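*Asks:* Next up, query.tsv (TSV, C-alpha atoms).
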chain	number	residue	atom	x	y	z
A	280	MET	CA	67.49	94.24	-27.12
A	281	ILE	CA	64.72	91.99	-25.81
A	282	GLY	CA	65.39	88.45	-24.58
A	283	LEU	CA	63.01	85.54	-24.10
A	284	VAL	CA	63.69	82.92	-21.40
A	285	PHE	CA	62.05	79.51	-21.26
A	286	PRO	CA	62.67	77.99	-17.83
A	287	GLY	CA	63.96	74.57	-17.02
A	288	LEU	CA	61.75	71.88	-15.55
A	289	ALA	CA	60.37	72.56	-12.07
A	290	PRO	CA	57.98	70.44	-9.97
A	291	SER	CA	54.53	71.17	-11.37
A	292	TYR	CA	51.39	69.18	-10.59
A	293	TYR	CA	47.84	69.39	-11.83
A	294	GLU	CA	46.51	70.87	-8.59
A	295	ASP	CA	49.12	73.65	-8.82
A	296	ILE	CA	48.04	74.73	-12.28
A	297	LYS	CA	44.50	73.44	-12.79
A	298	THR	CA	42.89	76.93	-12.74
A	299	PHE	CA	45.03	77.94	-15.69
A	300	MET	CA	44.49	74.65	-17.52
A	301	GLN	CA	40.73	74.75	-17.06
A	302	ASN	CA	40.40	78.34	-18.26
A	303	SER	CA	43.02	78.63	-20.99
A	304	PRO	CA	41.92	77.59	-24.49
A	305	PHE	CA	45.59	77.43	-25.41
A	306	SER	CA	46.33	74.92	-22.65
A	307	LYS	CA	43.44	72.71	-23.76
A	308	ARG	CA	44.66	72.79	-27.36
A	309	ARG	CA	48.30	72.09	-26.47
A	310	PHE	CA	47.33	69.14	-24.28
A	311	GLU	CA	45.14	67.74	-27.06
A	312	GLU	CA	47.97	68.05	-29.59
A	313	ALA	CA	50.38	66.33	-27.21
A	314	SER	CA	47.85	63.57	-26.55
A	315	GLU	CA	47.75	62.80	-30.27
A	316	VAL	CA	51.48	62.12	-30.23
A	317	LEU	CA	51.46	60.19	-26.95
A	318	GLY	CA	48.47	58.02	-27.75
A	319	PHE	CA	46.65	58.76	-24.47
A	320	SER	CA	45.04	61.73	-22.72
A	321	LEU	CA	47.86	63.78	-21.26
A	322	THR	CA	45.37	65.81	-19.22
A	323	GLU	CA	43.95	62.74	-17.48
A	324	ALA	CA	47.40	61.25	-16.96
A	325	PHE	CA	48.67	64.54	-15.50
A	326	LYS	CA	45.86	64.59	-12.92
A	327	ASN	CA	47.30	61.45	-11.33
A	328	VAL	CA	50.99	61.87	-12.12
A	329	GLY	CA	53.59	60.35	-9.80
A	330	ASP	CA	57.08	61.63	-9.06
A	331	LYS	CA	58.65	59.05	-11.38
A	332	ASP	CA	56.19	59.47	-14.25
A	333	TYR	CA	58.83	61.40	-16.16
A	334	VAL	CA	57.18	61.28	-19.58
A	335	ILE	CA	53.88	62.65	-18.26
A	336	MET	CA	55.53	65.25	-16.02
A	337	GLU	CA	57.77	66.65	-18.74
A	338	CYS	CA	55.17	66.53	-21.54
A	339	ALA	CA	52.69	68.36	-19.29
A	340	PHE	CA	55.33	70.98	-18.43
A	341	LEU	CA	56.06	71.35	-22.14
A	342	ALA	CA	52.36	71.68	-23.03
A	343	ASN	CA	51.77	74.31	-20.36
A	344	THR	CA	54.90	76.23	-21.35
A	345	MET	CA	53.69	76.31	-24.94
A	346	ALA	CA	50.24	77.46	-23.82
A	347	ILE	CA	51.82	80.27	-21.80
A	348	LEU	CA	53.87	81.17	-24.88
A	349	ASP	CA	50.62	81.36	-26.87
A	350	HIS	CA	49.29	83.85	-24.31
A	351	PHE	CA	52.56	85.80	-24.60
A	352	TYR	CA	52.07	86.08	-28.38
A	353	GLU	CA	48.52	87.33	-27.89
A	354	GLU	CA	49.18	89.74	-25.04
A	355	TYR	CA	52.55	91.33	-25.83
A	356	ARG	CA	52.97	91.06	-29.61
A	357	LEU	CA	56.74	91.47	-29.29
A	358	SER	CA	59.64	90.13	-31.34
A	359	PRO	CA	62.53	89.20	-29.01
A	360	GLN	CA	65.97	89.20	-30.62
A	361	VAL	CA	67.59	86.43	-28.58
A	362	VAL	CA	66.30	83.29	-26.85
A	363	ILE	CA	67.50	81.49	-23.72
A	364	GLY	CA	66.37	77.97	-22.81
A	365	PRO	CA	68.25	76.64	-19.79
A	366	SER	CA	68.01	72.90	-19.21
A	367	PHE	CA	64.57	71.58	-20.29
A	368	GLY	CA	63.75	75.07	-21.58
A	369	GLY	CA	66.05	74.31	-24.52
A	370	ILE	CA	63.38	72.19	-26.20
A	371	VAL	CA	60.85	75.06	-26.06
A	372	ALA	CA	63.53	77.40	-27.38
A	373	ALA	CA	64.02	75.02	-30.31
A	374	ILE	CA	60.28	75.22	-31.05
A	375	TYR	CA	60.25	79.01	-30.78
A	376	VAL	CA	63.07	79.44	-33.29
A	377	LYS	CA	61.27	77.03	-35.65
A	378	SER	CA	64.00	74.39	-35.58
A	379	ILE	CA	61.52	71.68	-34.56
A	380	SER	CA	57.73	71.54	-34.37
A	381	TYR	CA	55.74	71.22	-31.16
A	382	LYS	CA	54.71	67.66	-32.03
A	383	GLU	CA	58.34	66.76	-32.74
A	384	ALA	CA	59.23	68.19	-29.32
A	385	VAL	CA	56.58	66.04	-27.64
A	386	TRP	CA	57.95	62.97	-29.44
A	387	ILE	CA	61.52	63.85	-28.41
A	388	THR	CA	60.37	64.32	-24.81
A	389	LYS	CA	58.52	61.00	-24.82
A	390	GLU	CA	61.31	58.95	-26.38
A	391	SER	CA	64.18	60.52	-24.47
A	392	ASN	CA	62.34	60.02	-21.19
A	393	LYS	CA	61.90	56.33	-21.88
A	394	LEU	CA	65.68	56.12	-22.10
A	395	SER	CA	66.16	58.37	-19.07
A	396	GLY	CA	63.92	56.22	-16.91
A	397	GLU	CA	65.88	53.10	-17.87
A	398	TRP	CA	69.19	54.77	-17.03
A	399	TYR	CA	67.94	56.15	-13.69
A	400	GLU	CA	67.03	52.59	-12.71
A	401	ARG	CA	70.46	51.28	-13.72
A	402	LEU	CA	72.34	54.03	-11.93
A	403	GLY	CA	70.52	53.56	-8.65
A	404	ASP	CA	69.58	56.15	-6.06
A	405	PHE	CA	71.16	59.38	-7.32
A	406	LYS	CA	69.65	62.78	-6.60
A	407	THR	CA	70.08	66.45	-7.50
A	408	HIS	CA	69.98	69.07	-4.77
A	409	PHE	CA	69.46	72.83	-5.19
A	410	VAL	CA	71.04	75.23	-2.70
A	411	TYR	CA	70.47	78.97	-2.30
A	412	ASN	CA	73.13	81.52	-1.35
A	413	LEU	CA	76.21	79.33	-1.62
A	414	SER	CA	79.15	80.75	-3.57
A	415	LEU	CA	81.01	78.92	-6.31
A	416	ASN	CA	84.15	78.92	-4.18
A	417	GLU	CA	82.29	77.41	-1.22
A	418	SER	CA	80.68	74.84	-3.50
A	419	ASN	CA	84.03	73.74	-4.91
A	420	LYS	CA	85.50	73.43	-1.41
A	421	ILE	CA	82.61	71.23	-0.31
A	422	ILE	CA	83.04	69.01	-3.37
A	423	GLU	CA	86.79	68.68	-2.77
A	424	ASP	CA	86.16	67.78	0.88
A	425	PHE	CA	83.54	65.19	-0.03
A	426	LYS	CA	85.73	63.61	-2.71
A	427	SER	CA	88.69	63.42	-0.29
A	428	LYS	CA	86.44	61.33	1.96
A	429	GLY	CA	85.35	59.03	-0.87
A	430	HIS	CA	81.97	60.63	-1.63
A	431	PHE	CA	81.09	61.36	-5.27
A	432	LEU	CA	79.60	64.86	-5.45
A	433	GLU	CA	79.36	66.94	-8.59
A	434	LEU	CA	78.37	70.55	-9.29
A	435	VAL	CA	75.81	70.24	-12.08
A	436	GLY	CA	74.50	73.79	-12.14
A	437	ASN	CA	76.02	77.22	-11.44
A	438	MET	CA	73.16	79.70	-11.38
A	439	GLU	CA	75.06	82.31	-9.38
A	440	SER	CA	72.79	82.54	-6.32
A	441	VAL	CA	71.67	78.92	-6.70
A	442	MET	CA	74.02	75.94	-6.93
A	443	CYS	CA	72.99	72.42	-7.96
A	444	PHE	CA	74.72	69.26	-6.75
A	445	CYS	CA	74.44	65.65	-7.87
A	446	GLY	CA	75.34	62.61	-5.79
A	447	SER	CA	73.99	59.42	-4.28
A	448	ALA	CA	71.06	59.71	-1.88
A	449	SER	CA	73.33	59.18	1.13
A	450	THR	CA	75.80	61.78	-0.15
A	451	ILE	CA	73.02	64.33	-0.69
A	452	ASP	CA	71.76	63.66	2.84
A	453	LEU	CA	75.28	64.31	4.13
A	454	LEU	CA	75.42	67.49	2.04
A	455	LYS	CA	72.20	68.73	3.63
A	456	ARG	CA	73.59	68.13	7.11
A	457	THR	CA	76.80	69.96	6.13
A	458	LEU	CA	74.83	72.94	4.82
A	459	ASN	CA	72.90	73.20	8.09
A	460	ASN	CA	76.10	74.58	9.62
A	461	LYS	CA	76.47	77.36	7.03
A	462	PRO	CA	74.77	80.68	7.88
A	463	LYS	CA	72.43	82.36	5.36
A	464	CYS	CA	72.50	79.29	3.14
A	465	PHE	CA	69.57	76.94	2.77
A	466	SER	CA	68.28	74.06	0.70
A	467	LEU	CA	65.62	74.69	-1.93
A	468	HIS	CA	64.63	71.39	-3.51
A	469	THR	CA	65.83	67.86	-4.15
A	470	MET	CA	65.10	66.02	-7.40
A	471	GLY	CA	64.88	62.24	-7.20
A	472	HIS	CA	67.26	61.65	-10.12
A	473	PRO	CA	70.52	63.02	-11.57
A	474	ILE	CA	70.59	65.87	-14.11
A	475	HIS	CA	73.41	67.49	-16.11
A	476	SER	CA	75.84	64.98	-14.63
A	477	GLU	CA	78.89	63.20	-16.02
A	478	ILE	CA	77.34	59.91	-14.93
A	479	LEU	CA	74.69	60.47	-17.65
A	480	THR	CA	77.12	60.42	-20.58
A	481	PRO	CA	75.90	56.94	-21.65
A	482	LEU	CA	72.32	58.30	-21.63
A	483	ARG	CA	73.41	61.25	-23.76
A	484	LEU	CA	74.90	58.89	-26.34
A	485	ASP	CA	71.73	56.80	-26.39
A	486	VAL	CA	69.54	59.88	-26.90
A	487	GLU	CA	71.78	61.17	-29.69
A	488	ARG	CA	71.63	57.84	-31.50
A	489	GLU	CA	68.03	56.79	-30.88
A	490	VAL	CA	66.17	60.11	-30.67
A	491	PHE	CA	67.94	63.16	-32.09
A	492	ALA	CA	69.21	61.24	-35.12
A	493	ASN	CA	65.58	60.70	-36.14
A	494	VAL	CA	64.62	64.40	-36.11
A	495	GLN	CA	65.54	66.88	-38.83
A	496	PHE	CA	66.54	70.08	-37.03
A	497	LYS	CA	66.03	73.21	-39.16
A	498	PRO	CA	68.24	76.31	-38.98
A	499	PRO	CA	67.09	78.51	-36.06
A	500	THR	CA	65.40	81.77	-37.01
A	501	LEU	CA	66.91	83.55	-33.98
A	502	PRO	CA	70.11	83.06	-31.97
A	503	ILE	CA	69.92	81.02	-28.78
A	504	ILE	CA	72.33	81.49	-25.89
A	505	SER	CA	73.77	78.12	-24.87
A	506	ASP	CA	73.18	77.26	-21.22
A	507	VAL	CA	76.36	75.16	-21.23
A	508	ASP	CA	78.99	77.70	-22.28
A	509	GLY	CA	77.16	80.95	-23.13
A	510	ARG	CA	77.96	80.83	-26.85
A	511	LEU	CA	75.45	81.96	-29.48
A	512	ILE	CA	73.73	79.13	-31.33
A	513	ASN	CA	72.92	80.01	-34.95
A	514	GLN	CA	72.96	76.66	-36.79
A	515	SER	CA	70.79	73.57	-36.61
A	516	GLU	CA	73.66	71.21	-35.78
A	517	GLN	CA	74.82	73.55	-32.99
A	518	LEU	CA	71.33	73.50	-31.53
A	519	LYS	CA	71.16	69.72	-31.61
A	520	VAL	CA	74.55	69.54	-29.86
A	521	MET	CA	73.45	72.11	-27.25
A	522	MET	CA	70.39	70.03	-26.39
A	523	SER	CA	72.52	66.90	-26.19
A	524	GLU	CA	75.20	68.53	-24.03
A	525	GLY	CA	72.59	69.29	-21.39
A	526	TYR	CA	72.52	65.65	-20.37
A	527	ASP	CA	76.04	65.47	-18.96
A	528	LEU	CA	77.38	69.04	-18.75
A	529	PRO	CA	76.42	71.53	-16.01
A	530	VAL	CA	74.15	74.52	-16.56
A	531	ARG	CA	76.28	77.69	-16.55
A	532	TRP	CA	73.81	80.49	-15.94
A	533	ASP	CA	76.73	82.74	-15.03
A	534	LEU	CA	77.97	82.46	-18.64
A	535	VAL	CA	74.45	83.02	-19.98
A	536	THR	CA	74.11	86.31	-18.10
A	537	LYS	CA	77.55	87.44	-19.29
A	538	GLN	CA	76.47	86.84	-22.87
A	539	MET	CA	73.24	88.75	-22.25
A	540	GLU	CA	75.25	91.68	-20.94
A	541	SER	CA	77.62	91.62	-23.92
A	542	LEU	CA	74.67	91.62	-26.32
A	543	GLY	CA	73.07	94.55	-24.56
A	544	VAL	CA	69.88	92.76	-23.51
A	545	LYS	CA	67.81	95.37	-21.65
A	546	GLU	CA	64.55	93.53	-21.12
A	547	VAL	CA	63.70	89.87	-20.58
A	548	TYR	CA	60.41	87.97	-20.60
A	549	VAL	CA	60.42	84.74	-18.60
A	550	VAL	CA	57.73	82.54	-20.16
A	551	GLY	CA	56.65	79.32	-18.46
A	552	PRO	CA	55.25	77.65	-15.31
A	553	LYS	CA	56.70	78.39	-11.90
A	554	ASN	CA	60.49	78.68	-11.95
A	555	LEU	CA	63.46	80.37	-10.33
A	556	PHE	CA	64.80	82.19	-13.40
A	557	TYR	CA	62.66	85.27	-12.81
A	558	GLN	CA	64.21	85.51	-9.34
A	559	LEU	CA	67.72	85.12	-10.79
A	560	LEU	CA	67.24	87.95	-13.29
A	561	LYS	CA	64.95	90.50	-11.69
A	562	ASN	CA	67.66	92.35	-9.73
A	563	LYS	CA	69.93	92.67	-12.79
A	564	ILE	CA	67.64	93.56	-15.66
A	565	LYS	CA	64.07	94.58	-16.38
A	566	THR	CA	62.27	91.23	-16.12
A	567	ILE	CA	58.64	90.45	-16.91
A	568	LYS	CA	57.16	87.20	-15.64
A	569	VAL	CA	54.64	85.49	-17.93
A	570	ASP	CA	53.27	82.55	-15.97
A	571	PRO	CA	49.86	81.05	-15.12
A	572	ASP	CA	49.27	83.45	-12.22
A	573	SER	CA	50.08	86.59	-14.22
A	574	ILE	CA	47.90	85.38	-17.11
A	575	ILE	CA	44.94	84.72	-14.78
A	576	LYS	CA	45.37	88.19	-13.21
A	577	GLN	CA	45.43	89.81	-16.66
A	578	ALA	CA	42.24	87.97	-17.61
A	579	VAL	CA	40.51	89.28	-14.48
A	580	THR	CA	41.63	92.90	-14.98
A	581	HIS	CA	40.60	92.81	-18.65
Is it possible to give me this structure as structure tokens?

*Replies:*
Amino acid sequence: MIGLVFPGLAPSYYEDIKTFMQNSPFSKRRFEEASEVLGFSLTEAFKNVGDKDYVIMECAFLANTMAILDHFYEEYRLSPQVVIGPSFGGIVAAIYVKSISYKEAVWITKESNKLSGEWYERLGDFKTHFVYNLSLNESNKIIEDFKSKGHFLELVGNMESVMCFCGSASTIDLLKRTLNNKPKCFSLHTMGHPIHSEILTPLRLDVEREVFANVQFKPPTLPIISDVDGRLINQSEQLKVMMSEGYDLPVRWDLVTKQMESLGVKEVYVVGPKNLFYQLLKNKIKTIKVDPDSIIKQAVTH
């Protein structure tokens, strides 16, 4: 069985990906289509994007992921049997299984990010921190210790070799200092806002009511593995719920990989801009990375 993985959002700026964008006809087309929905040039906005320009950042990531998917269609001509879309990758998965259109996905991204930005401002200075080579047991002990001292800290992502924590800026700073004393464990990246956290439940309810309720999700043409609990998603309402759950429930990559094993997935294509999911999978299963760099290399060799 072949699986297709669409990665979650990672920091991606124009300078990082401009060679691909300037040379890919698919990227140009996807950015133009997104611009029609947004009402402004996404390409020009992306060139000057700031860290808190969430709409631009996510729509550009979506457009480039779709362009890379277009290259995947052209180059590999495969028909994967199961789809995985952890975190933000869920919206691309929904496009791939024909539950929503690309333009609907851009609209969802735009409208949901308006709400997200408002909630981030209300919540104050919360951050999400990614840590490599920390076990689940160690993570839980750290959280218990922090909570006993009055610090809110939440595990918002279990990706086996990578753990994700959410807390206030001061709590995340304390976490970093704590991790400095742990051998073979190091920090990867800090996002300037919360993700997959229980504090975002009000945002989830707003998005369900003001965004998802206005989109008609169609039945998926292929099963999707939920990044929240590893179950197989086969119905439109299930898919809508899965995308909603991602706001306030943690990513459980450990359950995703168990489901992949139970299904007998032997080969996985990771399609999208730079991400850590290729690294998470490559030692367990035959994994092919389809990203801007690999596409540019293929173009040169051809």

*Asks:* Give me the residues within 8 Å of Val435 in chain A as a ChimeraX atom specification, counting all atoms listed in the file and dropping any in the same chain fewer than 2 places off.

*Replies:* /A:433,437,442-445,474-476,528-530

*Asks:* Calculated over all atoms listed in the file, which of the candidates A:Leu518, A:Ile281, A:Ile422, A:Met300 has the smallest distance to Pro499 in chain A?

*Replies:*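 Of all the options, A:Leu518 lies closest to Pro499 in chain A.
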
*Asks:* Rounded to one decimal place, report the CA of Leu479 in chain A-CA of Glu383 in chain A distance in Å.

*Replies:*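 Rounded to one decimal, the two atoms are 23.1 Å apart.
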
*Asks:* Using all atoms listed in the file for the distances, tell me which of A:Glu390, A:Glu423, A:Glu540, A:Glu439 is nearest to Ile504 in chain A.

*Replies:*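 The answer is A:Glu540, which sits nearest to Ile504 in chain A.
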
*Asks:* Need the shell around Val361 in chain A: protein/DNA/RNA residues with any atom at most 8 Å away, counting all atoms listed in the file. Skip same-chain ones fewer than 6 positions apart. Format as a list of chain:residue names?

*Replies:*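 The neighbour list is A:Met280, A:Ile281, A:Gly282, A:Leu283, A:Leu501, A:Pro502, A:Ile503, A:Ile504.
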
*Asks:* Can you spit out the residues from that selection as a PDB file, keeping the file's coordinate frame, using C-alpha atoms?

*Replies:*
ATOM      1  CA  MET A 280      67.490  94.240 -27.120  1.00  0.00           C
ATOM      2  CA  ILE A 281      64.720  91.990 -25.810  1.00  0.00           C
ATOM      3  CA  GLY A 282      65.390  88.450 -24.580  1.00  0.00           C
ATOM      4  CA  LEU A 283      63.010  85.540 -24.100  1.00  0.00           C
ATOM      5  CA  LEU A 501      66.910  83.550 -33.980  1.00  0.00           C
ATOM      6  CA  PRO A 502      70.110  83.060 -31.970  1.00  0.00           C
ATOM      7  CA  ILE A 503      69.920  81.020 -28.780  1.00  0.00           C
ATOM      8  CA  ILE A 504      72.330  81.490 -25.890  1.00  0.00           C
TER       9      ILE A 504
END

*Asks:* So how far away is CA of Tyr292 in chain A from CA of Ser523 in chain A, in Å?

*Replies:*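 CA of Tyr292 in chain A lies at a distance of 26.4 Å from CA of Ser523 in chain A.
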
*Asks:* Using all atoms listed in the file for the distances, tell me which of A:Leu317, A:Ala373, A:Ile363, A:Cys464 is nearest to Glu417 in chain A.

*Replies:*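 Closest to Glu417 in chain A of all the choices is A:Cys464.
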
*Asks:* With distances taken over all atoms listed in the file, which residue among A:Lys428, A:Lys576, A:Lys420, A:His472 lies nearest His408 in chain A?

*Replies:*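 Smallest distance to His408 in chain A is found for A:His472.
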
*Asks:* Mind dumping a table of every range 462-555 of chain A residue within 8 Å of range 347-357 of chain A, with the nearest atom pair and its distance in Å to one decimal, using all atoms listed in the file, sorted by chain and rising number, as a Markdown table?

*Replies:*
| residue | atom | partner | partner_atom | distance |
| --- | --- | --- | --- | --- |
| A:Val550 | CA | A:Leu348 | CA | 6.2 |
| A:Gly551 | CA | A:Ile347 | CA | 5.9 |
| A:Pro552 | CA | A:Ile347 | CA | 7.8 |

*Asks:* Save out the residues we just selected, C-alpha atoms, as a tab-separated table (two decimals), in the frame of the given file.

*Replies:*
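Below is the file part-v2.tsv, written as the result:
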chain	number	residue	atom	x	y	z
A	550	VAL	CA	57.73	82.54	-20.16
A	551	GLY	CA	56.65	79.32	-18.46
A	552	PRO	CA	55.25	77.65	-15.31

*Asks:* Using Å and a single decimal, report how far CA of Arg488 in chain A sits from CA of Leu511 in chain A.

*Replies:* 24.5 Å

*Asks:* Please determine the residues with any atom at most 12 Å from (42.6, 74.0, -18.1) (coordinates as given in the file, with only C-alpha atoms counting) and report them as a VMD selection string.

*Replies:* chain A and resid 293 to 311 321 to 323 325 to 326 339 342 to 343 346 to 347 571 575

*Asks:* With only C-alpha atoms as the atoms that count, which of A:Ile564, A:Val441, A:Leu484, A:Val371 lies nearest to Tyr548 in chain A?

*Replies:*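 Selected residue with least distance to Tyr548 in chain A: A:Ile564.
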